[in-house]
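**Q** If you scroll down you'll find the structure; I have some questions about it.
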Number of protein chains: 2
Amino acid sequence: MAPTSAKSNDAKAAARAAAQARIRAASARHRSPEDWARAIAAGDRDALSQGITLVESRSAQDRPLAEALLAAALALPQSTVASARIGITGIPGVGKSTFIERLGQTLIAAGHRVAVLAVDPTSQRSHGSLLGDKTRMEHLVREPDAFVRPSPASDALGGVNRATSEAMVLCELAGFDRILVETVGVGQSETAVRQMTDIFMLLLISGAGDDLQGIKRGIMEMADLVVINKADGPLVHAAEQTAKECTGALHLMPPHPHGEPVEVLLASGLEGHGLDAVIAQLARLQAAFEASGWWAAQRTDQLQQRFDALVRDRVLEVALGRDGAQSLWQRLQTEVLHRQISPYAAARIFVNNVDSSK
Amino acid sequence: MAPTSAKSNDAKAAARAAAQARIRAASARHRSPEDWARAIAAGDRDALSQGITLVESRSAQDRPLAEALLAAALALPQSTVASARIGITGIPGVGKSTFIERLGQTLIAAGHRVAVLAVDPTSQRSHGSLLGDKTRMEHLVREPDAFVRPSPASDALGGVNRATSEAMVLCELAGFDRILVETVGVGQSETAVRQMTDIFMLLLISGAGDDLQGIKRGIMEMADLVVINKADGPLVHAAEQTAKECTGALHLMPPHPHGEPVEVLLASGLEGHGLDAVIAQLARLQAAFEASGWWAAQRTDQLQQRFDALVRDRVLEVALGRDGAQSLWQRLQTEVLHRQISPYAAARIFVNNVDSSK
């Protein structure tokens, strides 16, 4: 562990205490979860912000209220806003914040209301990026039709995933119809974000080496749209070259299951070039996905998979919470790794010993 | 369901009855699981074959004996043979059986003992391919240093996965040091086979269209080695062209996590060309993986992941086996899909209602 862990633990504890205070203040202000949800639907930004703090909370005691708020939200007609959830990934240095700010402004100019949520599974970075993102998106945060929410403080990916999915529901209730979900592009978080969004966009830049900029294997295949950012000034030619190579690589890959071509576009978040084309392509993809049924089918699949995965997680959590389960798991795993027992026998022994009703 | 299901159910029932008879015969012949395992280690091919039938059995009553046999196998010093497990995938028509037969013969000529296991998750095909594979590998099945096992009759992918992993353990106990695991290349089975092998090989042929022959997205990225098969007669030039395109595609992908280049080789299973080069590359990869620690780390990861996944499956199985659990699951899932409840709340309700100790 990093030597700063004690200090960062202090910071985390302080952040948690502040979150608890916000949740308590909101609970006191709204008489009921229904009241709180109606405030969010009516455009009360504090209610939205506090609601997200509530669903982000990792404290078990906050879950009943969080679920009551979500249930109240889902019961309101405003929660069925026809939103588009757009995942945006790219390694640090690709200019994500500037690009997203510009994309958000362009979407607002086109009549949309834009929420920006960030998923950052690295706890070390989350504290720094909190202010960093706010500063970098300084124009967007001042827009009345934008809502910018920095990374949740949670360091567990499962927690981030849950918090972000639930935050999307609250943003949609508040009338935001374009949800931009930002992720860092170097870890597991892309798969999580891919599984909670309608369209997934990969940002690249030119000249970051021929290993396609450290993008994890498989991320290119998840993209519905690739944007070469920083196509400005002296980098325009290199960006065009990167776009050409990227198009070639995509051409050799099997087609995306949705059947639409994966376009490679050039843009400059800094100068604002190419954003209109990105938005036009997002709209084309949405229209094509809606026409083919892909859009609705993907949302249904995502809900089903999330429910399935969550039940598995919760059931395992309950099993591991039983007396002696953790140490039995450790012991069996060690035996499996030393080839003293097959994984199948080990799993059976674990379940037979841990499950009290067997 | 297919109209032939009644007939195929009859065939399945007959296959199961035959399997039960073989297991009973073997149990009667060997006094104990330890005795059975020693017979396998001593080169008794019937004992090996019956042992695989046992671990393939989907009957719950066979599991204790299967696990006892595996435990006895793992306790013998012969089970620690330094084997290489090689996954081979490619769509039907790519010439897998002919290629594998020739690869097996070449490996035997080089002093190895070769076991061929097939993973075929499509139950419809498994009955047909059973004889088909045997006929097609007619030279290999006659080799004293080869053991060819057709697809298990199980139609559940989880079952195939388990049966194949356990069959590998028994083959290694019998002294087979090269385990070739064949899979069809069109579904989930590649991921399963990738997760149980040391080296994963993708077979392609030329001229099967520019969509890379229906190979599922992501399979190319799993490959440690690509072989363009049927590079013979009038197809040689086209195969060279396909190899060039494939090399280009791989070059644009990020490097494989193990850091070794993914080579594209030409071969003809029919004429026997290129097999030596394939075997040389397999040996090079093995040496590099062993030197870097990738080989051992991958085996450890695979065991750990299998244990983890199996515990999750078994724990969920137990939960779903409780009174009313199936219908509660269905009802909650419907509510999730109709956006009446969040997946998180639904998962909590399921666990709270199903888990008896809560």
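Naming scheme: A, B, ... for chains in displayed order of the structure tokens; residues 1 onward per chain; ligands 1 onward as shown.
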Could you list, as a compact mmCIF listing (two decimals) with N, CA, C and O atoms, in the first residue's frame, the residues of chain B having an atom within 7 Å of chain A when counting only C-alpha atoms?
**A**
# COMPACT_ATOMS: atom_id res chain seq x y z
N GLU B 67 -15.34 -36.78 -7.56
CA GLU B 67 -14.43 -35.95 -6.76
C GLU B 67 -13.41 -36.80 -6.02
O GLU B 67 -12.25 -36.40 -5.87
N LEU B 70 -10.78 -37.66 -8.60
CA LEU B 70 -9.91 -36.51 -8.86
C LEU B 70 -8.97 -36.27 -7.69
O LEU B 70 -7.78 -35.96 -7.88
N ALA B 71 -9.47 -36.40 -6.47
CA ALA B 71 -8.62 -36.22 -5.29
C ALA B 71 -7.51 -37.27 -5.28
O ALA B 71 -6.34 -36.95 -5.01
N LEU B 74 -4.99 -36.29 -7.98
CA LEU B 74 -4.13 -35.17 -7.60
C LEU B 74 -3.11 -35.59 -6.55
O LEU B 74 -2.05 -34.96 -6.42
N ALA B 75 -3.41 -36.66 -5.79
CA ALA B 75 -2.48 -37.12 -4.75
C ALA B 75 -1.31 -37.93 -5.32
O ALA B 75 -0.31 -38.12 -4.63
N ASP B 211 -15.24 -10.23 -43.43
CA ASP B 211 -15.68 -10.04 -42.05
C ASP B 211 -14.90 -10.96 -41.11
O ASP B 211 -15.38 -11.31 -40.04
N LEU B 212 -13.71 -11.34 -41.53
CA LEU B 212 -12.87 -12.25 -40.75
C LEU B 212 -13.64 -13.50 -40.32
O LEU B 212 -13.52 -13.98 -39.21
N GLY B 214 -16.63 -14.56 -39.60
CA GLY B 214 -17.62 -14.75 -38.54
C GLY B 214 -17.02 -14.97 -37.17
O GLY B 214 -17.73 -15.26 -36.22
N ILE B 215 -15.70 -14.85 -37.07
CA ILE B 215 -15.07 -15.00 -35.76
C ILE B 215 -15.63 -13.91 -34.85
O ILE B 215 -15.64 -12.74 -35.19
N ARG B 217 -16.27 -11.12 -32.17
CA ARG B 217 -15.43 -10.01 -31.71
C ARG B 217 -14.70 -10.42 -30.44
O ARG B 217 -15.28 -10.94 -29.53
N GLY B 218 -13.44 -10.17 -30.40
CA GLY B 218 -12.69 -10.47 -29.19
C GLY B 218 -11.88 -11.75 -29.27
O GLY B 218 -10.92 -11.91 -28.54
N GLU B 221 -8.37 -11.26 -30.30
CA GLU B 221 -7.56 -10.68 -29.23
C GLU B 221 -7.15 -11.70 -28.18
O GLU B 221 -6.24 -11.46 -27.41
N ALA B 249 -3.76 -6.39 -39.06
CA ALA B 249 -4.79 -6.15 -38.03
C ALA B 249 -4.19 -6.32 -36.63
O ALA B 249 -4.43 -5.52 -35.73
N LEU B 252 -1.99 -3.48 -35.43
CA LEU B 252 -2.68 -2.27 -34.98
C LEU B 252 -3.35 -2.46 -33.63
O LEU B 252 -3.76 -1.50 -32.99
N MET B 253 -3.48 -3.71 -33.21
CA MET B 253 -4.06 -3.95 -31.89
C MET B 253 -3.00 -3.70 -30.82
O MET B 253 -1.81 -3.83 -31.07
N PRO B 254 -3.45 -3.37 -29.63
CA PRO B 254 -2.48 -3.25 -28.55
C PRO B 254 -1.78 -4.58 -28.30
O PRO B 254 -2.34 -5.63 -28.62
N PRO B 255 -0.56 -4.55 -27.79
CA PRO B 255 0.15 -5.82 -27.59
C PRO B 255 -0.59 -6.72 -26.61
O PRO B 255 -1.31 -6.24 -25.74
N THR B 300 -2.25 -20.29 -12.18
CA THR B 300 -2.76 -19.92 -10.85
C THR B 300 -4.03 -19.08 -10.98
O THR B 300 -5.03 -19.34 -10.31
N LEU B 303 -7.02 -21.27 -11.95
CA LEU B 303 -7.56 -22.05 -10.84
C LEU B 303 -8.36 -21.17 -9.89
O LEU B 303 -9.44 -21.53 -9.44
N GLN B 304 -7.80 -20.01 -9.61
CA GLN B 304 -8.45 -19.09 -8.68
C GLN B 304 -9.79 -18.62 -9.24
O GLN B 304 -10.80 -18.63 -8.54
N ARG B 306 -11.60 -20.12 -11.47
CA ARG B 306 -12.57 -21.20 -11.57
C ARG B 306 -13.21 -21.46 -10.21
O ARG B 306 -14.42 -21.64 -10.11
N PHE B 307 -12.39 -21.45 -9.17
CA PHE B 307 -12.91 -21.65 -7.82
C PHE B 307 -13.92 -20.55 -7.49
O PHE B 307 -15.04 -20.82 -7.05
N LEU B 310 -17.11 -20.96 -9.49
CA LEU B 310 -17.87 -22.13 -9.07
C LEU B 310 -18.58 -21.88 -7.75
O LEU B 310 -19.73 -22.29 -7.57
N VAL B 311 -17.90 -21.21 -6.82
CA VAL B 311 -18.56 -20.90 -5.55
C VAL B 311 -19.77 -20.02 -5.81
O VAL B 311 -20.87 -20.26 -5.30
N ARG B 312 -19.60 -19.00 -6.66
CA ARG B 312 -20.73 -18.13 -6.98
C ARG B 312 -21.89 -18.92 -7.58
O ARG B 312 -23.04 -18.73 -7.21
N ARG B 314 -22.54 -22.16 -7.28
CA ARG B 314 -23.14 -23.09 -6.32
C ARG B 314 -23.98 -22.36 -5.28
O ARG B 314 -25.05 -22.82 -4.90
N VAL B 315 -23.48 -21.22 -4.82
CA VAL B 315 -24.21 -20.46 -3.81
C VAL B 315 -25.54 -19.96 -4.39
O VAL B 315 -26.59 -20.03 -3.75
N LEU B 316 -25.50 -19.51 -5.65
CA LEU B 316 -26.75 -19.05 -6.29
C LEU B 316 -27.70 -20.21 -6.50
O LEU B 316 -28.92 -20.08 -6.29
N GLN B 333 -37.42 -9.71 -11.48
CA GLN B 333 -36.80 -9.38 -12.76
C GLN B 333 -37.78 -8.62 -13.65
O GLN B 333 -37.42 -7.66 -14.32
N VAL B 336 -37.94 -5.14 -12.48
CA VAL B 336 -36.73 -4.41 -12.88
C VAL B 336 -36.84 -3.98 -14.34
O VAL B 336 -36.58 -2.83 -14.70
N LEU B 337 -37.26 -4.92 -15.19
CA LEU B 337 -37.31 -4.62 -16.63
C LEU B 337 -38.40 -3.59 -16.96
O LEU B 337 -38.29 -2.88 -17.95
N ARG B 339 -38.89 -1.14 -15.04
CA ARG B 339 -38.45 0.07 -14.34
C ARG B 339 -39.34 0.42 -13.15
O ARG B 339 -39.46 1.59 -12.79
N GLN B 340 -39.93 -0.59 -12.52
CA GLN B 340 -40.75 -0.34 -11.35
C GLN B 340 -39.89 -0.37 -10.09
O GLN B 340 -40.31 0.05 -9.01
N ILE B 341 -38.70 -0.90 -10.22
CA ILE B 341 -37.82 -1.08 -9.06
C ILE B 341 -36.39 -1.06 -9.60
O ILE B 341 -36.15 -1.46 -10.74
N SER B 342 -35.46 -0.57 -8.78
CA SER B 342 -34.08 -0.57 -9.25
C SER B 342 -33.51 -1.98 -9.09
O SER B 342 -33.95 -2.74 -8.22
N PRO B 343 -32.54 -2.35 -9.93
CA PRO B 343 -31.94 -3.68 -9.80
C PRO B 343 -31.34 -3.90 -8.41
O PRO B 343 -31.29 -5.02 -7.91
N TYR B 344 -30.90 -2.80 -7.78
CA TYR B 344 -30.25 -2.91 -6.47
C TYR B 344 -31.26 -3.27 -5.40
O TYR B 344 -31.03 -4.15 -4.57
N ALA B 345 -32.41 -2.55 -5.44
CA ALA B 345 -33.46 -2.87 -4.48
C ALA B 345 -33.96 -4.29 -4.71
O ALA B 345 -34.19 -5.04 -3.76
N ALA B 347 -32.38 -6.89 -5.93
CA ALA B 347 -31.40 -7.87 -5.45
C ALA B 347 -31.47 -7.98 -3.93
O ALA B 347 -31.40 -9.08 -3.38
N VAL B 351 -32.50 -11.42 -1.84
CA VAL B 351 -31.61 -12.03 -0.84
C VAL B 351 -32.28 -12.05 0.54
O VAL B 351 -32.24 -13.05 1.25
**Q** Leaving out Val116 (chain A) and any residue of its chain fewer than 6 positions from it, which residues lie within 9 Å of it when counting only C-alpha atoms, given as number ranges by chain?
**A** A: 100-101, 104, 146-150, 178-182
**Q** Contacts of region 281-286 of chain B at 10 Å or less, counting only C-alpha atoms, minus same-chain residues fewer than 5 places along, as a list in words?
**A**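 Counting only the stated atoms, we get Ala84, Ile86, Asp198, Ile199, Phe200, Met201, Asp224, Leu225, His258, Glu260, Pro261, Val262, Glu263, Leu265, Leu275, Asp276, Ala291, Ser292, Trp294 and Trp295 of chain B.
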**Q** Keeping N, CA, C and O atoms, export the residues of the selection given above as a PDB file, in the first residue's frame.
**A**
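Generated output (again-v9.pdb):
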ATOM      1  N   ALA B  84       1.460 -29.171 -21.507  1.00  0.00           N
ATOM      2  CA  ALA B  84       1.040 -27.925 -22.140  1.00  0.00           C
ATOM      3  C   ALA B  84      -0.385 -28.125 -22.620  1.00  0.00           C
ATOM      4  O   ALA B  84      -0.682 -29.099 -23.302  1.00  0.00           O
ATOM      5  N   ILE B  86      -3.260 -26.717 -24.897  1.00  0.00           N
ATOM      6  CA  ILE B  86      -3.328 -25.845 -26.063  1.00  0.00           C
ATOM      7  C   ILE B  86      -4.761 -25.793 -26.574  1.00  0.00           C
ATOM      8  O   ILE B  86      -5.325 -26.815 -26.975  1.00  0.00           O
ATOM      9  N   ASP B 198      -3.102 -23.080 -21.718  1.00  0.00           N
ATOM     10  CA  ASP B 198      -1.900 -22.265 -21.568  1.00  0.00           C
ATOM     11  C   ASP B 198      -1.645 -21.402 -22.795  1.00  0.00           C
ATOM     12  O   ASP B 198      -1.110 -20.297 -22.706  1.00  0.00           O
ATOM     13  N   ILE B 199      -1.980 -21.958 -23.968  1.00  0.00           N
ATOM     14  CA  ILE B 199      -1.741 -21.263 -25.235  1.00  0.00           C
ATOM     15  C   ILE B 199      -3.012 -21.411 -26.063  1.00  0.00           C
ATOM     16  O   ILE B 199      -3.600 -22.497 -26.119  1.00  0.00           O
ATOM     17  N   PHE B 200      -3.429 -20.333 -26.695  1.00  0.00           N
ATOM     18  CA  PHE B 200      -4.693 -20.357 -27.442  1.00  0.00           C
ATOM     19  C   PHE B 200      -4.405 -20.038 -28.907  1.00  0.00           C
ATOM     20  O   PHE B 200      -3.795 -19.012 -29.221  1.00  0.00           O
ATOM     21  N   MET B 201      -4.830 -20.934 -29.786  1.00  0.00           N
ATOM     22  CA  MET B 201      -4.506 -20.834 -31.204  1.00  0.00           C
ATOM     23  C   MET B 201      -5.783 -20.626 -32.008  1.00  0.00           C
ATOM     24  O   MET B 201      -6.770 -21.327 -31.797  1.00  0.00           O
ATOM     25  N   ASP B 224      -2.951 -16.407 -28.956  1.00  0.00           N
ATOM     26  CA  ASP B 224      -1.505 -16.287 -28.796  1.00  0.00           C
ATOM     27  C   ASP B 224      -0.796 -16.572 -30.119  1.00  0.00           C
ATOM     28  O   ASP B 224       0.390 -16.266 -30.280  1.00  0.00           O
ATOM     29  N   LEU B 225      -1.545 -17.178 -31.054  1.00  0.00           N
ATOM     30  CA  LEU B 225      -0.967 -17.645 -32.314  1.00  0.00           C
ATOM     31  C   LEU B 225      -2.116 -17.806 -33.306  1.00  0.00           C
ATOM     32  O   LEU B 225      -3.173 -18.350 -32.960  1.00  0.00           O
ATOM     33  N   HIS B 258       0.806 -10.659 -22.441  1.00  0.00           N
ATOM     34  CA  HIS B 258       2.016 -11.431 -22.125  1.00  0.00           C
ATOM     35  C   HIS B 258       3.249 -10.873 -22.820  1.00  0.00           C
ATOM     36  O   HIS B 258       4.360 -11.323 -22.550  1.00  0.00           O
ATOM     37  N   GLU B 260       4.459 -11.141 -25.801  1.00  0.00           N
ATOM     38  CA  GLU B 260       5.037 -11.842 -26.961  1.00  0.00           C
ATOM     39  C   GLU B 260       4.255 -11.462 -28.218  1.00  0.00           C
ATOM     40  O   GLU B 260       3.028 -11.316 -28.167  1.00  0.00           O
ATOM     41  N   PRO B 261       4.941 -11.334 -29.362  1.00  0.00           N
ATOM     42  CA  PRO B 261       4.205 -11.055 -30.597  1.00  0.00           C
ATOM     43  C   PRO B 261       3.284 -12.225 -30.967  1.00  0.00           C
ATOM     44  O   PRO B 261       3.613 -13.380 -30.723  1.00  0.00           O
ATOM     45  N   VAL B 262       2.118 -11.888 -31.514  1.00  0.00           N
ATOM     46  CA  VAL B 262       1.180 -12.914 -31.980  1.00  0.00           C
ATOM     47  C   VAL B 262       1.512 -13.196 -33.449  1.00  0.00           C
ATOM     48  O   VAL B 262       1.258 -12.372 -34.324  1.00  0.00           O
ATOM     49  N   GLU B 263       2.127 -14.346 -33.692  1.00  0.00           N
ATOM     50  CA  GLU B 263       2.565 -14.681 -35.050  1.00  0.00           C
ATOM     51  C   GLU B 263       1.393 -15.192 -35.883  1.00  0.00           C
ATOM     52  O   GLU B 263       0.454 -15.799 -35.362  1.00  0.00           O
ATOM     53  N   LEU B 265       0.909 -17.776 -38.974  1.00  0.00           N
ATOM     54  CA  LEU B 265       1.628 -18.803 -39.728  1.00  0.00           C
ATOM     55  C   LEU B 265       0.707 -19.433 -40.768  1.00  0.00           C
ATOM     56  O   LEU B 265      -0.521 -19.439 -40.613  1.00  0.00           O
ATOM     57  N   LEU B 275       3.336 -27.531 -40.179  1.00  0.00           N
ATOM     58  CA  LEU B 275       3.092 -28.011 -38.812  1.00  0.00           C
ATOM     59  C   LEU B 275       4.331 -27.870 -37.929  1.00  0.00           C
ATOM     60  O   LEU B 275       4.220 -27.546 -36.742  1.00  0.00           O
ATOM     61  N   ASP B 276       5.515 -28.112 -38.537  1.00  0.00           N
ATOM     62  CA  ASP B 276       6.752 -27.973 -37.755  1.00  0.00           C
ATOM     63  C   ASP B 276       6.910 -26.539 -37.252  1.00  0.00           C
ATOM     64  O   ASP B 276       7.312 -26.317 -36.103  1.00  0.00           O
ATOM     65  N   ALA B 291       9.760 -18.336 -18.923  1.00  0.00           N
ATOM     66  CA  ALA B 291      10.838 -17.442 -18.490  1.00  0.00           C
ATOM     67  C   ALA B 291      10.268 -16.186 -17.816  1.00  0.00           C
ATOM     68  O   ALA B 291      10.817 -15.685 -16.837  1.00  0.00           O
ATOM     69  N   SER B 292       9.156 -15.684 -18.338  1.00  0.00           N
ATOM     70  CA  SER B 292       8.598 -14.435 -17.795  1.00  0.00           C
ATOM     71  C   SER B 292       7.717 -14.676 -16.577  1.00  0.00           C
ATOM     72  O   SER B 292       7.283 -13.731 -15.924  1.00  0.00           O
ATOM     73  N   TRP B 294       4.738 -15.874 -16.891  1.00  0.00           N
ATOM     74  CA  TRP B 294       3.362 -15.812 -17.389  1.00  0.00           C
ATOM     75  C   TRP B 294       2.667 -17.168 -17.280  1.00  0.00           C
ATOM     76  O   TRP B 294       1.492 -17.261 -16.926  1.00  0.00           O
ATOM     77  N   TRP B 295       3.411 -18.231 -17.630  1.00  0.00           N
ATOM     78  CA  TRP B 295       2.841 -19.582 -17.648  1.00  0.00           C
ATOM     79  C   TRP B 295       2.268 -19.960 -16.274  1.00  0.00           C
ATOM     80  O   TRP B 295       1.090 -20.309 -16.158  1.00  0.00           O
TER      81      TRP B 295
END
**Q** Taking 2 positions as the minimum chain separation for residues in the same chain, which residues sit within 8 Å of Ala267 (chain B) when counting only C-alpha atoms? Answer as a list in words.
**A**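 The residues satisfying every condition are Val227, Ile228, Asn229, Lys230, Ala231, Asp232, Leu265, Gly269, Gly272, His273, Gly274, Leu275 and Val278 of chain B.
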**Q** Just to confirm, what's the straight-line distance from CA of Leu140 (chain B) to CA of Ile23 (chain B) in Å (one decimal)?
**A**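 Computing the Euclidean distance for CA of Leu140 (chain B) and CA of Ile23 (chain B) yields 25.4 Å.
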**Q** Give me the residues within 12 Å of Ser57 (chain A) as a PyMOL selection string, counting only C-alpha atoms and dropping any in the same chain fewer than 2 places off.
**A** chain A and resi 15-23+50-55+59-67+152-156+159-160+162-164+166-167
**Q** Could you jot down the CA of Arg194 (chain B) to CA of Arg85 (chain B) separation for me, Å, one decimal place?
**A**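 These two atoms are separated by 9.9 Å.
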**Q** Can you list, as JSON, numbers by chain, every residue of region 60-309 of chain B that DSSP puts in helix (DSSP H, G or I)?
**A** {"B": [60, 61, 62, 63, 64, 65, 66, 67, 68, 69, 70, 71, 72, 73, 74, 75, 77, 78, 79, 80, 96, 97, 98, 99, 100, 101, 102, 103, 104, 105, 106, 107, 108, 109, 123, 124, 125, 126, 127, 128, 129, 130, 131, 132, 133, 134, 135, 136, 138, 139, 140, 141, 157, 158, 159, 160, 161, 162, 163, 164, 165, 166, 167, 168, 169, 170, 171, 172, 173, 189, 190, 191, 192, 193, 194, 212, 213, 214, 219, 220, 221, 222, 233, 234, 235, 236, 237, 238, 239, 240, 241, 242, 243, 244, 245, 246, 247, 248, 249, 250, 251, 252, 275, 276, 277, 278, 279, 280, 281, 282, 283, 284, 285, 286, 287, 288, 289, 290, 291, 292, 294, 295, 296, 297, 298, 299, 300, 301, 302, 303, 304, 305, 306, 307, 308, 309]}
**Q** Closest to Ala192 (chain B) among B:Ala14, B:Ile205, B:Ile88, B:Ala174, using only C-alpha atoms?
**A**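 Between B:Ala14, B:Ile205, B:Ile88, B:Ala174, the residue approaching Ala192 (chain B) most closely is B:Ile88.
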**Q** Residues within 6 Å of Phe176 (chain B), please, as a JSON list (two decimals) with all heavy atoms, in the first residue's frame. Count only C-alpha atoms; anything in the same chain fewer than 3 positions from it doesn't count.
**A**
[["chain", "number", "residue", "atom", "x", "y", "z"],
["B", 113, "ARG", "N", 3.30, -37.18, -25.95],
["B", 113, "ARG", "CA", 2.08, -37.99, -25.88],
["B", 113, "ARG", "C", 0.91, -37.02, -25.88],
["B", 113, "ARG", "O", 0.88, -36.06, -25.11],
["B", 113, "ARG", "CB", 2.09, -38.87, -24.62],
["B", 113, "ARG", "CG", 3.31, -39.80, -24.59],
["B", 113, "ARG", "CD", 3.17, -40.86, -23.50],
["B", 113, "ARG", "NE", 2.10, -41.79, -23.83],
["B", 113, "ARG", "CZ", 1.16, -42.20, -22.96],
["B", 113, "ARG", "NH1", 1.17, -41.75, -21.73],
["B", 113, "ARG", "NH2", 0.23, -43.03, -23.34],
["B", 114, "VAL", "N", -0.04, -37.26, -26.77],
["B", 114, "VAL", "CA", -1.04, -36.24, -27.11],
["B", 114, "VAL", "C", -2.46, -36.68, -26.77],
["B", 114, "VAL", "O", -2.90, -37.76, -27.21],
["B", 114, "VAL", "CB", -0.96, -35.92, -28.62],
["B", 114, "VAL", "CG1", -2.07, -34.93, -29.02],
["B", 114, "VAL", "CG2", 0.41, -35.36, -28.98],
["B", 115, "ALA", "N", -3.17, -35.86, -26.02],
["B", 115, "ALA", "CA", -4.60, -36.09, -25.79],
["B", 115, "ALA", "C", -5.38, -34.99, -26.50],
["B", 115, "ALA", "O", -4.99, -33.82, -26.47],
["B", 115, "ALA", "CB", -4.92, -36.08, -24.30],
["B", 171, "CYS", "N", -6.06, -36.96, -18.04],
["B", 171, "CYS", "CA", -5.14, -37.20, -19.16],
["B", 171, "CYS", "C", -3.69, -36.96, -18.74],
["B", 171, "CYS", "O", -2.78, -37.69, -19.14],
["B", 171, "CYS", "CB", -5.49, -36.29, -20.35],
["B", 171, "CYS", "SG", -7.03, -36.74, -21.16],
["B", 172, "GLU", "N", -3.48, -35.91, -17.96],
["B", 172, "GLU", "CA", -2.12, -35.62, -17.49],
["B", 172, "GLU", "C", -1.63, -36.73, -16.56],
["B", 172, "GLU", "O", -0.47, -37.13, -16.63],
["B", 172, "GLU", "CB", -2.09, -34.24, -16.81],
["B", 172, "GLU", "CG", -2.19, -33.12, -17.84],
["B", 172, "GLU", "CD", -2.61, -31.77, -17.30],
["B", 172, "GLU", "OE1", -2.81, -31.65, -16.07],
["B", 172, "GLU", "OE2", -2.76, -30.85, -18.10]]
**Q** Among region 173-355 of chain A, which residues does DSSP mark as strand (DSSP E or B) when it is run on the backbone? Keep the chain and numbering as in the structure and answer as a PyMOL selection string.
**A** chain A and resi 178-183+199-205+225-229+263-266+268+273
**Q** What separation in Å, quoted to one decimal, exists between CA of Met168 (chain B) and CA of Arg142 (chain B)?
**A**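 Computed distance, CA of Met168 (chain B) to CA of Arg142 (chain B), equals 20.1 Å.
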